[in-house]
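Okay, so here's the structure we're looking at.
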Amino acid sequence: MNRVEELRAKWESGNLSDDAALLELCAELDAVEHALASIEEARQQTRALTSEVVERIGGRAQVRGFGQLIITAPGSVVNYDRETLDALLVQLEREHNPLAATIRAARKVTSRAGHLQIKREQP
């Protein structure tokens with residue numbers, strides 16, 4: 001049983017108050033995030049050097065037991081400001097512009113679940 005499972009069992013059984021559970025969980029989260037930061041730094045350094053090696057040997061490599069490594073061409077991403085486009089759509093609809101229906105049909109809205117937001121205290 002890992003630390004979080006232990007805390008869950010204590011909390012669900014009533015042997016750990018909500019406040020005590022939050023203190024323990026935040027301490028655990030802090031430890032995990034520090035470990036992840038170290039791992040992420042090592043990952044970035046490893047990927048950077050791997051990219052340099054692959055670039056030097058022509059941009060492609062096959063590593064037996066691992067897979068294929070490819071340096072992709074640079075690209076660009078186009079984004080549009082949703083609020084500006086929504087305002088334009090309202091204006092076009094007011095003017096009865098037929099483009100409004102086409103733009104409205106292209107608009108996609110997806111839902112997402114709420115999530116825990118953490119705002120850390122500054123030391």
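Naming scheme: A, B, ... for chains in displayed order of the structure tokens; residues 1 onward per chain; ligands 1 onward as shown.
In the backbone-derived DSSP annotation, helix (DSSP H, G or I) within region 44-73 of chain A comprises Gln44, Gln45, Thr46, Arg47, Ala48, Leu49, Thr50, Ser51, Glu52, Val53, Val54, Glu55 and Arg56 of chain A.
Residue nearest Ser51 (chain A), chosen from A:Leu36, A:Val63, A:Ile70, A:Val77 and counting only C-alpha atoms: A:Ile70.
Taking the backbone of this structure through DSSP, the residues of chain A that come out as strand (DSSP E) are Arg60, Ala61, Gln62, Val63, Gly67, Gln68, Leu69 and Ile70 of chain A.
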Would you pick out the contacts of Leu22 (chain A) at 12 Å or less, using only C-alpha atoms, so that residues sharing its chain but fewer than 4 positions from it are not included, and give the list as a ChimeraX atom specification? /A:4,7-8,11,16-18,26-30
Taking 4 positions as the minimum chain separation for residues in the same chain, which residues sit within 9 Å of region 54-58 of chain A when counting only C-alpha atoms? Answer as a count of residues only. 5
With a distance cut-off of 10 Å and only C-alpha atoms, select the neighbouring residues of region 78-90 of chain A, excluding the residue or stretch itself and same-chain residues fewer than 3 positions from it, and output the selection as a VMD selection string. chain A and resid 93 to 97 99 to 104 107
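Taking only C-alpha atoms into account, Glu5 (chain A) lies nearest to A:Ala21 out of the set A:Ala21, A:Ile39, A:Leu116, A:Val109.
Reported to one decimal place, the separation of CA of Val53 (chain A) from CA of Ser38 (chain A) is 22.9 Å.
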What separates CA of Ser76 (chain A) and CA of Gln45 (chain A) is a distance of 23.9 Å
As a check of understanding: the span from CA of Asp19 (chain A) to CA of Ala31 (chain A) is 18.6 Å
